[in-house]
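J.: This is work.cif, which holds mmCIF, C-alpha atoms and all ligand atoms:
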data_work
loop_
_atom_site.label_atom_id
_atom_site.label_comp_id
_atom_site.auth_asym_id
_atom_site.auth_seq_id
_atom_site.Cartn_x
_atom_site.Cartn_y
_atom_site.Cartn_z
CA MET A 1 14.58 40.65 37.23
CA THR A 2 13.84 38.35 40.11
CA THR A 3 15.45 38.80 43.49
CA GLU A 4 16.29 35.07 43.46
CA ARG A 5 18.44 35.52 40.38
CA ALA A 6 19.89 38.86 41.51
CA ARG A 7 21.07 37.24 44.75
CA SER A 8 22.15 33.86 43.34
CA PHE A 9 25.85 34.60 42.83
CA GLY A 10 27.14 34.06 46.38
CA ALA A 11 26.57 30.30 46.06
CA ALA A 12 29.41 30.20 43.54
CA ALA A 13 31.52 33.11 44.84
CA ASP A 14 34.93 31.40 44.55
CA ASP A 15 34.27 30.05 41.05
CA TYR A 16 32.82 33.42 40.07
CA ASP A 17 36.00 35.18 41.13
CA ARG A 18 38.29 32.64 39.47
CA LEU A 19 36.43 32.27 36.20
CA ARG A 20 34.44 35.36 35.25
CA PRO A 21 36.14 37.95 33.02
CA ALA A 22 37.41 41.18 34.53
CA PRO A 23 36.51 44.26 32.46
CA ALA A 24 38.88 45.26 29.66
CA ALA A 25 41.50 47.66 31.03
CA GLU A 26 40.76 50.14 28.20
CA ALA A 27 37.14 50.31 29.36
CA LEU A 28 38.28 51.37 32.83
CA ARG A 29 40.60 53.99 31.33
CA TRP A 30 37.66 55.31 29.31
CA LEU A 31 35.37 55.50 32.33
CA VAL A 32 37.70 56.75 35.08
CA PRO A 33 39.11 60.21 34.33
CA SER A 34 42.17 60.02 36.59
CA PRO A 35 44.00 57.59 38.92
CA GLN A 36 43.20 60.08 41.70
CA SER A 37 39.42 59.69 41.15
CA ARG A 38 37.35 58.58 44.13
CA VAL A 39 35.52 55.55 42.73
CA LEU A 40 32.53 53.59 44.01
CA ASP A 41 32.52 50.00 42.70
CA LEU A 42 28.79 49.36 43.08
CA ALA A 43 27.54 45.75 43.15
CA ALA A 44 31.22 44.94 43.43
CA GLY A 45 30.76 41.19 43.75
CA THR A 46 34.07 39.49 44.48
CA GLY A 47 36.02 42.58 43.42
CA LEU A 48 36.92 41.92 39.79
CA VAL A 49 36.53 45.63 38.99
CA THR A 50 38.16 46.80 42.24
CA ARG A 51 41.26 44.71 41.46
CA ALA A 52 41.34 45.76 37.81
CA LEU A 53 41.22 49.39 38.99
CA ALA A 54 44.13 48.77 41.38
CA ALA A 55 46.11 47.32 38.47
CA GLU A 56 45.49 50.62 36.64
CA GLY A 57 46.77 52.60 39.64
CA VAL A 58 43.31 53.65 40.88
CA HIS A 59 43.36 53.07 44.64
CA GLY A 60 40.70 55.44 45.99
CA VAL A 61 38.01 52.80 45.66
CA VAL A 62 35.15 51.90 47.96
CA ALA A 63 33.20 48.74 47.18
CA VAL A 64 29.50 48.22 47.93
CA GLU A 65 27.99 44.75 47.62
CA PRO A 66 24.89 43.22 49.28
CA ASP A 67 25.88 39.54 49.20
CA ASP A 68 28.00 38.51 52.19
CA ALA A 69 29.67 35.57 50.39
CA MET A 70 30.68 37.72 47.40
CA ARG A 71 31.92 40.53 49.66
CA ALA A 72 33.94 38.04 51.75
CA VAL A 73 35.95 37.04 48.65
CA LEU A 74 36.52 40.70 47.81
CA THR A 75 37.77 41.45 51.32
CA ALA A 76 40.05 38.40 51.35
CA ARG A 77 41.60 39.30 47.98
CA SER A 78 41.76 43.08 48.54
CA PRO A 79 42.25 43.43 52.31
CA GLY A 80 43.06 47.16 52.09
CA VAL A 81 39.83 48.08 50.31
CA ARG A 82 36.84 49.54 52.16
CA ALA A 83 34.01 47.10 51.39
CA LEU A 84 30.51 47.91 52.64
CA ALA A 85 27.24 46.02 52.73
CA GLY A 86 24.67 47.94 50.71
CA THR A 87 22.61 48.08 47.57
CA ALA A 88 22.31 50.40 44.59
CA GLU A 89 19.01 51.58 46.01
CA ASP A 90 20.51 52.31 49.44
CA ILE A 91 24.20 53.24 49.21
CA PRO A 92 25.96 53.71 52.57
CA LEU A 93 27.96 56.79 51.49
CA PRO A 94 27.51 60.55 52.02
CA ASP A 95 26.14 62.95 49.38
CA GLY A 96 28.58 64.01 46.65
CA SER A 97 31.38 61.84 48.06
CA VAL A 98 32.64 60.12 44.88
CA ASP A 99 33.83 61.21 41.41
CA VAL A 100 32.90 57.97 39.61
CA VAL A 101 30.32 55.23 40.17
CA LEU A 102 31.00 51.98 38.30
CA ALA A 103 28.54 49.10 38.12
CA ALA A 104 29.69 46.03 36.17
CA SER A 105 27.27 43.37 34.99
CA ALA A 106 24.80 44.71 37.51
CA TRP A 107 22.62 47.60 36.26
CA HIS A 108 20.00 45.10 35.01
CA TRP A 109 19.59 43.84 38.59
CA PHE A 110 18.81 47.28 40.00
CA ASP A 111 15.52 49.09 40.44
CA ALA A 112 16.61 51.64 37.83
CA GLU A 113 14.60 54.58 39.18
CA ARG A 114 15.67 54.21 42.80
CA ALA A 115 19.26 53.37 41.84
CA ALA A 116 19.59 56.40 39.53
CA THR A 117 18.38 58.72 42.31
CA GLU A 118 20.72 57.15 44.86
CA ILE A 119 23.74 57.14 42.49
CA ALA A 120 23.08 60.81 41.68
CA ARG A 121 23.07 61.54 45.42
CA VAL A 122 26.54 60.06 46.07
CA LEU A 123 28.13 61.38 42.84
CA ARG A 124 29.51 64.92 42.79
CA PRO A 125 28.11 67.19 40.04
CA GLY A 126 30.02 66.43 36.81
CA GLY A 127 30.92 62.95 38.10
CA VAL A 128 30.78 59.85 35.91
CA LEU A 129 28.35 56.95 36.04
CA GLY A 130 29.94 54.04 34.16
CA LEU A 131 28.05 50.84 33.42
CA MET A 132 29.80 47.78 32.00
CA TRP A 133 28.99 44.28 30.88
CA SER A 134 31.79 41.76 30.24
CA TYR A 135 31.07 38.38 28.70
CA SER A 136 32.41 35.78 26.26
CA ASP A 137 31.88 36.99 22.68
CA PRO A 138 29.06 35.18 20.87
CA ASP A 139 30.39 36.42 17.50
CA THR A 140 32.58 33.29 17.68
CA ASP A 141 30.46 30.25 16.74
CA TRP A 142 31.52 27.84 19.47
CA VAL A 143 31.09 30.56 22.10
CA ALA A 144 27.56 31.28 20.86
CA ASP A 145 26.70 27.57 21.10
CA LEU A 146 28.21 27.35 24.57
CA ARG A 147 26.24 30.39 25.70
CA ARG A 148 23.06 28.76 24.44
CA ILE A 149 23.78 25.76 26.67
CA GLY A 150 24.26 28.17 29.59
CA ARG A 151 21.11 30.11 28.63
CA ALA A 152 23.29 33.22 28.79
CA GLU A 153 21.18 35.06 26.26
CA ALA A 154 18.33 34.99 28.77
CA GLN A 155 20.30 37.63 30.63
CA GLY A 156 20.42 39.85 27.57
CA SER A 157 23.82 41.52 28.08
CA ALA A 158 25.04 40.58 24.60
CA SER A 159 21.89 41.81 22.87
CA LEU A 160 22.00 45.02 24.90
CA VAL A 161 25.59 45.66 23.79
CA ARG A 162 24.87 44.62 20.19
CA SER A 163 22.02 47.10 20.01
CA GLY A 164 24.49 49.88 20.87
CA LEU A 165 23.94 50.05 24.66
CA SER A 166 21.30 52.69 24.08
CA LEU A 167 20.55 52.96 27.78
CA GLU A 168 18.23 55.65 28.95
CA MET A 169 18.40 56.88 32.49
CA PRO A 170 14.98 57.03 34.16
CA ALA A 171 13.01 60.21 33.38
CA GLY A 172 14.01 63.09 35.61
CA ALA A 173 17.28 61.53 36.77
CA PRO A 174 20.08 64.16 36.64
CA PHE A 175 22.26 62.56 33.98
CA GLY A 176 23.32 63.54 30.45
CA THR A 177 22.55 61.55 27.31
CA GLY A 178 25.57 59.29 27.62
CA GLU A 179 27.74 57.43 25.13
CA SER A 180 28.86 53.85 24.72
CA ARG A 181 31.85 51.87 23.46
CA VAL A 182 32.76 48.24 23.01
CA PHE A 183 36.18 46.86 23.99
CA ARG A 184 37.49 43.43 22.99
CA ARG A 185 40.20 41.24 24.44
CA SER A 186 40.90 37.53 24.77
CA ALA A 187 42.31 35.24 27.44
CA TRP A 188 43.64 31.69 27.50
CA MET A 189 41.57 29.39 29.71
CA ALA A 190 41.61 25.66 30.48
CA ALA A 191 38.74 24.02 28.57
CA GLN A 192 37.25 22.69 31.82
CA ASP A 193 37.25 26.23 33.26
CA VAL A 194 35.38 27.54 30.21
CA ALA A 195 32.67 24.96 30.94
CA ALA A 196 32.72 25.74 34.66
CA MET A 197 32.34 29.48 33.93
CA LEU A 198 28.79 28.77 32.74
CA GLY A 199 27.98 27.65 36.27
CA THR A 200 28.57 31.19 37.57
CA TYR A 201 25.66 32.73 35.62
CA SER A 202 22.36 33.29 37.39
CA SER A 203 20.58 31.49 34.52
CA VAL A 204 22.42 28.30 35.57
CA LEU A 205 22.83 28.96 39.31
CA THR A 206 19.08 29.02 39.78
CA LEU A 207 18.50 25.66 38.00
CA PRO A 208 17.86 22.46 40.00
CA ALA A 209 21.12 20.55 40.75
CA ALA A 210 20.47 17.83 38.13
CA GLU A 211 20.00 20.44 35.40
CA ARG A 212 23.15 22.29 36.49
CA ARG A 213 25.10 19.02 36.14
CA ASP A 214 23.55 18.52 32.71
CA VAL A 215 24.71 21.99 31.62
CA GLN A 216 28.27 21.07 32.65
CA ARG A 217 28.12 17.73 30.86
CA ARG A 218 26.84 19.29 27.62
CA ALA A 219 29.32 22.18 27.83
CA ARG A 220 32.30 19.83 28.24
CA ALA A 221 31.09 17.67 25.34
CA LEU A 222 30.72 20.73 23.10
CA LEU A 223 34.21 21.98 23.98
CA THR A 224 35.79 18.58 23.35
CA GLU A 225 34.12 18.42 19.95
CA ARG A 226 34.72 22.01 18.83
CA VAL A 227 38.00 23.16 20.38
CA GLY A 228 39.52 20.07 22.05
CA ASN A 229 40.70 19.66 25.61
CA ASP A 230 43.78 21.92 25.53
CA PRO A 231 43.73 25.50 26.79
CA VAL A 232 41.65 27.67 24.50
CA ARG A 233 41.77 31.37 23.64
CA VAL A 234 38.40 32.80 24.72
CA PRO A 235 37.25 36.07 23.11
CA PHE A 236 35.68 38.54 25.55
CA VAL A 237 33.69 41.74 25.09
CA THR A 238 33.25 44.62 27.50
CA GLY A 239 30.38 46.90 26.57
CA ALA A 240 30.63 50.21 28.43
CA PHE A 241 28.26 53.15 28.84
CA ARG A 242 29.11 56.43 30.51
CA THR A 243 27.03 59.43 31.42
CA LEU A 244 27.79 62.54 33.46
CA ARG A 245 25.84 63.68 36.47
CA SER A 246 24.51 67.17 35.73
C1 LIG A 301 26.97 39.53 37.90
S1 LIG A 301 27.50 40.05 39.49
C2 LIG A 301 28.65 41.34 39.09
C3 LIG A 301 29.71 41.51 40.15
C4 LIG A 301 30.86 42.44 39.79
N1 LIG A 301 30.41 43.79 39.52
C5 LIG A 301 31.64 41.91 38.60
O1 LIG A 301 31.74 42.60 37.58
O2 LIG A 301 32.15 40.78 38.69
C6 LIG A 301 26.11 40.97 40.03
C7 LIG A 301 26.28 41.48 41.45
O3 LIG A 301 25.22 42.39 41.73
C8 LIG A 301 24.86 42.21 43.08
N2 LIG A 301 23.51 42.78 43.23
C9 LIG A 301 22.32 42.24 42.93
N3 LIG A 301 21.32 43.10 43.18
C10 LIG A 301 21.90 44.24 43.64
C11 LIG A 301 21.41 45.52 44.07
N4 LIG A 301 20.11 45.80 44.04
N5 LIG A 301 22.29 46.46 44.49
C12 LIG A 301 23.62 46.18 44.50
N6 LIG A 301 24.14 44.99 44.10
C13 LIG A 301 23.30 44.05 43.67
C14 LIG A 301 24.94 40.71 43.29
O4 LIG A 301 25.03 40.37 44.65
C15 LIG A 301 26.20 40.38 42.50
O5 LIG A 301 27.36 40.43 43.30
#
What do you get writing this file as structure tokens?
T.:
Amino acid sequence: MTTERARSFGAAADDYDRLRPAPAAEALRWLVPSPQSRVLDLAAGTGLVTRALAAEGVHGVVAVEPDDAMRAVLTARSPGVRALAGTAEDIPLPDGSVDVVLAASAWHWFDAERAATEIARVLRPGGVLGLMWSYSDPDTDWVADLRRIGRAEAQGSASLVRSGLSLEMPAGAPFGTGESRVFRRSAWMAAQDVAAMLGTYSSVLTLPAAERRDVQRRARALLTERVGNDPVRVPFVTGAFRTLRS
């Protein structure tokens, strides 16, 4: 994955926060053993996971995010949360200091070998590494067509989840085999927001301005034709993978 794409999100931080789906609450319950767990929200972005954890009563959260614009939204929306600049390959936390590391829609941006070593360092033995991807569900026809306009498949989250999230930790990393589950939910969104959501994906953010406008134009036209201009129920998937640090 290119650094340009990995670091593209800050340009749309407010839209990202407003429009992108938070993970399904059941996925968080599956990944976080107890509300008392000390959790690292790694690649926390604008804090969608941090806030969803707070809603589940999990407050011992530290967020790590490299992009200043994304982290600024997180800090503004969750002023009580410790939010640090850092990367998955260089986490600014002591050894064995957390029970759970969560990384949502982010593992594919990491240098997997360096990140696995660094995550293992900050996780206590027996702690959980939980990886998630949340996205609009392409099993619904109009969503699949919309995602094609947004080139979302280029990112591969949906195909990764469809193929059973058979993630393998890098050789030698101290993690168990792992298991995966898929959680579904839906949310009502204004049709124009569904189109605007496409603009928060790196596949669109890194296009020239004229092409980004074209994506919006085509997305709005598709929505008008297929679901109309009223609020629409959007199906979402969260694919989750968990593995224990040995
Ligand atoms: C798609 S966003 C996901 C944000 C958040 N986890 C969420 O679910 O909304 C990907 C995030 O990964 C961050 N990122 C990219 N490369 C990273 C790295 N090597 N280490 C940590 N974070 C990284 C980006 O800045 C961005 O905020």
J.: Give as a PyMOL selection string the residues surrounding ligand LIG 301 (chain A) up to a distance of 6 Å, considering all atoms listed in the file.
T.: chain A and resi 6-7+9+43-45+48-49+65-67+70+87-88+103-106+109-110
J.: Ranking A:Val101, A:Leu165, A:Ala191, A:Ala173 by minimum distance to A:Arg114 and counting all atoms listed in the file, which one comes first?
T.: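 Distance minimum relative to A:Arg114 lands on A:Ala173.
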J.: For atom CA of A:Ser136 and atom CA of A:Leu28, determine how far apart the two atoms are, in Å to one decimal place.
T.: 17.9 Å
J.: Quick one, how far is atom CA of A:Val143 from atom CA of A:Val234?
T.: 8.1 Å
J.: Given only C-alpha atoms as the basis, pick out the residue of A:Ser37, A:Ser97, A:Ser186, A:Thr177 nearest to A:Phe236.
T.: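 Among A:Ser37, A:Ser97, A:Ser186, A:Thr177, it is A:Ser186 that comes nearest to A:Phe236.
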J.: Using all atoms listed in the file, which of the listed residues (A:Arg162, A:Arg82, A:Arg29, A:Arg38) sits closest to A:Glu56?
T.: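 Result for the nearest residue to A:Glu56: A:Arg29.
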J.: Which polymer residues have any atom within 7 Å of an atom of A:Gly126, counting all atoms listed in the file, with same-chain residues fewer than 5 positions away left out, as a tab-separated table (two decimals) with C-alpha atoms, in the frame of the given file?
T.:
chain	number	residue	atom	x	y	z
A	244	LEU	CA	27.79	62.54	33.46
A	245	ARG	CA	25.84	63.68	36.47
A	246	SER	CA	24.51	67.17	35.73
J.: Excluding A:Asp90 and its own-chain neighbours fewer than 3 positions away, which residues fall within 12 Å of it when counting all atoms listed in the file? Please give them as a list in words.
T.: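 Neighbouring residues, sequence-local ones excluded: Leu42, Ala43, Val64, Glu65, Pro66, Leu84, Ala85, Gly86, Thr87, Leu93, Pro94, Phe110, Asp111, Arg114, Ala115, Ala116, Thr117, Glu118, Ile119, Ala120, Arg121 and Val122 of chain A.
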J.: Tell me, as an MDAnalysis selection string, which residues lie within 7 Å of A:Ala69, counting all atoms listed in the file; anything in the same chain fewer than 3 positions away does not count.
T.: chainID A and resid 10 13 72:73
J.: With only C-alpha atoms as the basis for distance, which of A:Ala152, A:Leu31, A:Val81, A:Ala196 is at the shortest distance from A:Ala54?
T.: A:Val81
J.: Can you pull out the residues contacting A:Ala221? Cut-off 12 Å, using only C-alpha atoms, and skip same-chain residues under 4 positions away; I want them as a PDB file with C-alpha atoms, in the frame of the given file.
T.:
ATOM      1  CA  TRP A 142      31.520  27.840  19.470  1.00  0.00           C
ATOM      2  CA  ASP A 145      26.700  27.570  21.100  1.00  0.00           C
ATOM      3  CA  LEU A 146      28.210  27.350  24.570  1.00  0.00           C
ATOM      4  CA  ILE A 149      23.780  25.760  26.670  1.00  0.00           C
ATOM      5  CA  ALA A 191      38.740  24.020  28.570  1.00  0.00           C
ATOM      6  CA  GLN A 192      37.250  22.690  31.820  1.00  0.00           C
ATOM      7  CA  VAL A 194      35.380  27.540  30.210  1.00  0.00           C
ATOM      8  CA  ALA A 195      32.670  24.960  30.940  1.00  0.00           C
ATOM      9  CA  ASP A 214      23.550  18.520  32.710  1.00  0.00           C
ATOM     10  CA  VAL A 215      24.710  21.990  31.620  1.00  0.00           C
ATOM     11  CA  GLN A 216      28.270  21.070  32.650  1.00  0.00           C
ATOM     12  CA  ARG A 217      28.120  17.730  30.860  1.00  0.00           C
ATOM     13  CA  GLU A 225      34.120  18.420  19.950  1.00  0.00           C
ATOM     14  CA  ARG A 226      34.720  22.010  18.830  1.00  0.00           C
ATOM     15  CA  VAL A 227      38.000  23.160  20.380  1.00  0.00           C
ATOM     16  CA  GLY A 228      39.520  20.070  22.050  1.00  0.00           C
ATOM     17  CA  ASN A 229      40.700  19.660  25.610  1.00  0.00           C
TER      18      ASN A 229
END
J.: Supply stretch 157-170 of chain A as a PDB file, in the coordinates of the input, with N, CA and C atoms built in where the input has gaps.
T.:
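Final output, saved to out-v9.pdb:
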ATOM      1  N   SER A 157      22.720  40.556  28.155  1.00  0.00           N
ATOM      2  CA  SER A 157      23.820  41.520  28.080  1.00  0.00           C
ATOM      3  C   SER A 157      24.317  41.667  26.650  1.00  0.00           C
ATOM      4  N   ALA A 158      24.476  40.521  25.958  1.00  0.00           N
ATOM      5  CA  ALA A 158      25.040  40.580  24.600  1.00  0.00           C
ATOM      6  C   ALA A 158      24.099  41.341  23.670  1.00  0.00           C
ATOM      7  N   SER A 159      22.798  41.103  23.786  1.00  0.00           N
ATOM      8  CA  SER A 159      21.890  41.810  22.870  1.00  0.00           C
ATOM      9  C   SER A 159      21.839  43.297  23.219  1.00  0.00           C
ATOM     10  N   LEU A 160      21.978  43.610  24.494  1.00  0.00           N
ATOM     11  CA  LEU A 160      22.000  45.020  24.900  1.00  0.00           C
ATOM     12  C   LEU A 160      23.212  45.719  24.279  1.00  0.00           C
ATOM     13  N   VAL A 161      24.375  45.056  24.339  1.00  0.00           N
ATOM     14  CA  VAL A 161      25.590  45.660  23.790  1.00  0.00           C
ATOM     15  C   VAL A 161      25.495  45.735  22.268  1.00  0.00           C
ATOM     16  N   ARG A 162      24.983  44.647  21.650  1.00  0.00           N
ATOM     17  CA  ARG A 162      24.870  44.620  20.190  1.00  0.00           C
ATOM     18  C   ARG A 162      23.951  45.731  19.681  1.00  0.00           C
ATOM     19  N   SER A 163      22.946  46.054  20.460  1.00  0.00           N
ATOM     20  CA  SER A 163      22.020  47.100  20.010  1.00  0.00           C
ATOM     21  C   SER A 163      22.548  48.493  20.347  1.00  0.00           C
ATOM     22  N   GLY A 164      23.856  48.579  20.720  1.00  0.00           N
ATOM     23  CA  GLY A 164      24.490  49.880  20.870  1.00  0.00           C
ATOM     24  C   GLY A 164      24.399  50.435  22.288  1.00  0.00           C
ATOM     25  N   LEU A 165      24.013  49.618  23.262  1.00  0.00           N
ATOM     26  CA  LEU A 165      23.940  50.050  24.660  1.00  0.00           C
ATOM     27  C   LEU A 165      23.176  51.362  24.784  1.00  0.00           C
ATOM     28  N   SER A 166      22.054  51.428  24.075  1.00  0.00           N
ATOM     29  CA  SER A 166      21.300  52.690  24.080  1.00  0.00           C
ATOM     30  C   SER A 166      20.474  52.752  25.372  1.00  0.00           C
ATOM     31  N   LEU A 167      21.213  52.917  26.476  1.00  0.00           N
ATOM     32  CA  LEU A 167      20.550  52.960  27.780  1.00  0.00           C
ATOM     33  C   LEU A 167      19.965  54.335  28.013  1.00  0.00           C
ATOM     34  N   GLU A 168      18.801  54.356  28.571  1.00  0.00           N
ATOM     35  CA  GLU A 168      18.230  55.650  28.950  1.00  0.00           C
ATOM     36  C   GLU A 168      18.093  55.680  30.451  1.00  0.00           C
ATOM     37  N   MET A 169      18.607  56.722  31.050  1.00  0.00           N
ATOM     38  CA  MET A 169      18.400  56.880  32.490  1.00  0.00           C
ATOM     39  C   MET A 169      16.917  57.173  32.737  1.00  0.00           C
ATOM     40  N   PRO A 170      16.394  56.770  33.876  1.00  0.00           N
ATOM     41  CA  PRO A 170      14.980  57.030  34.160  1.00  0.00           C
ATOM     42  C   PRO A 170      14.650  58.517  34.030  1.00  0.00           C
TER      43      PRO A 170
END
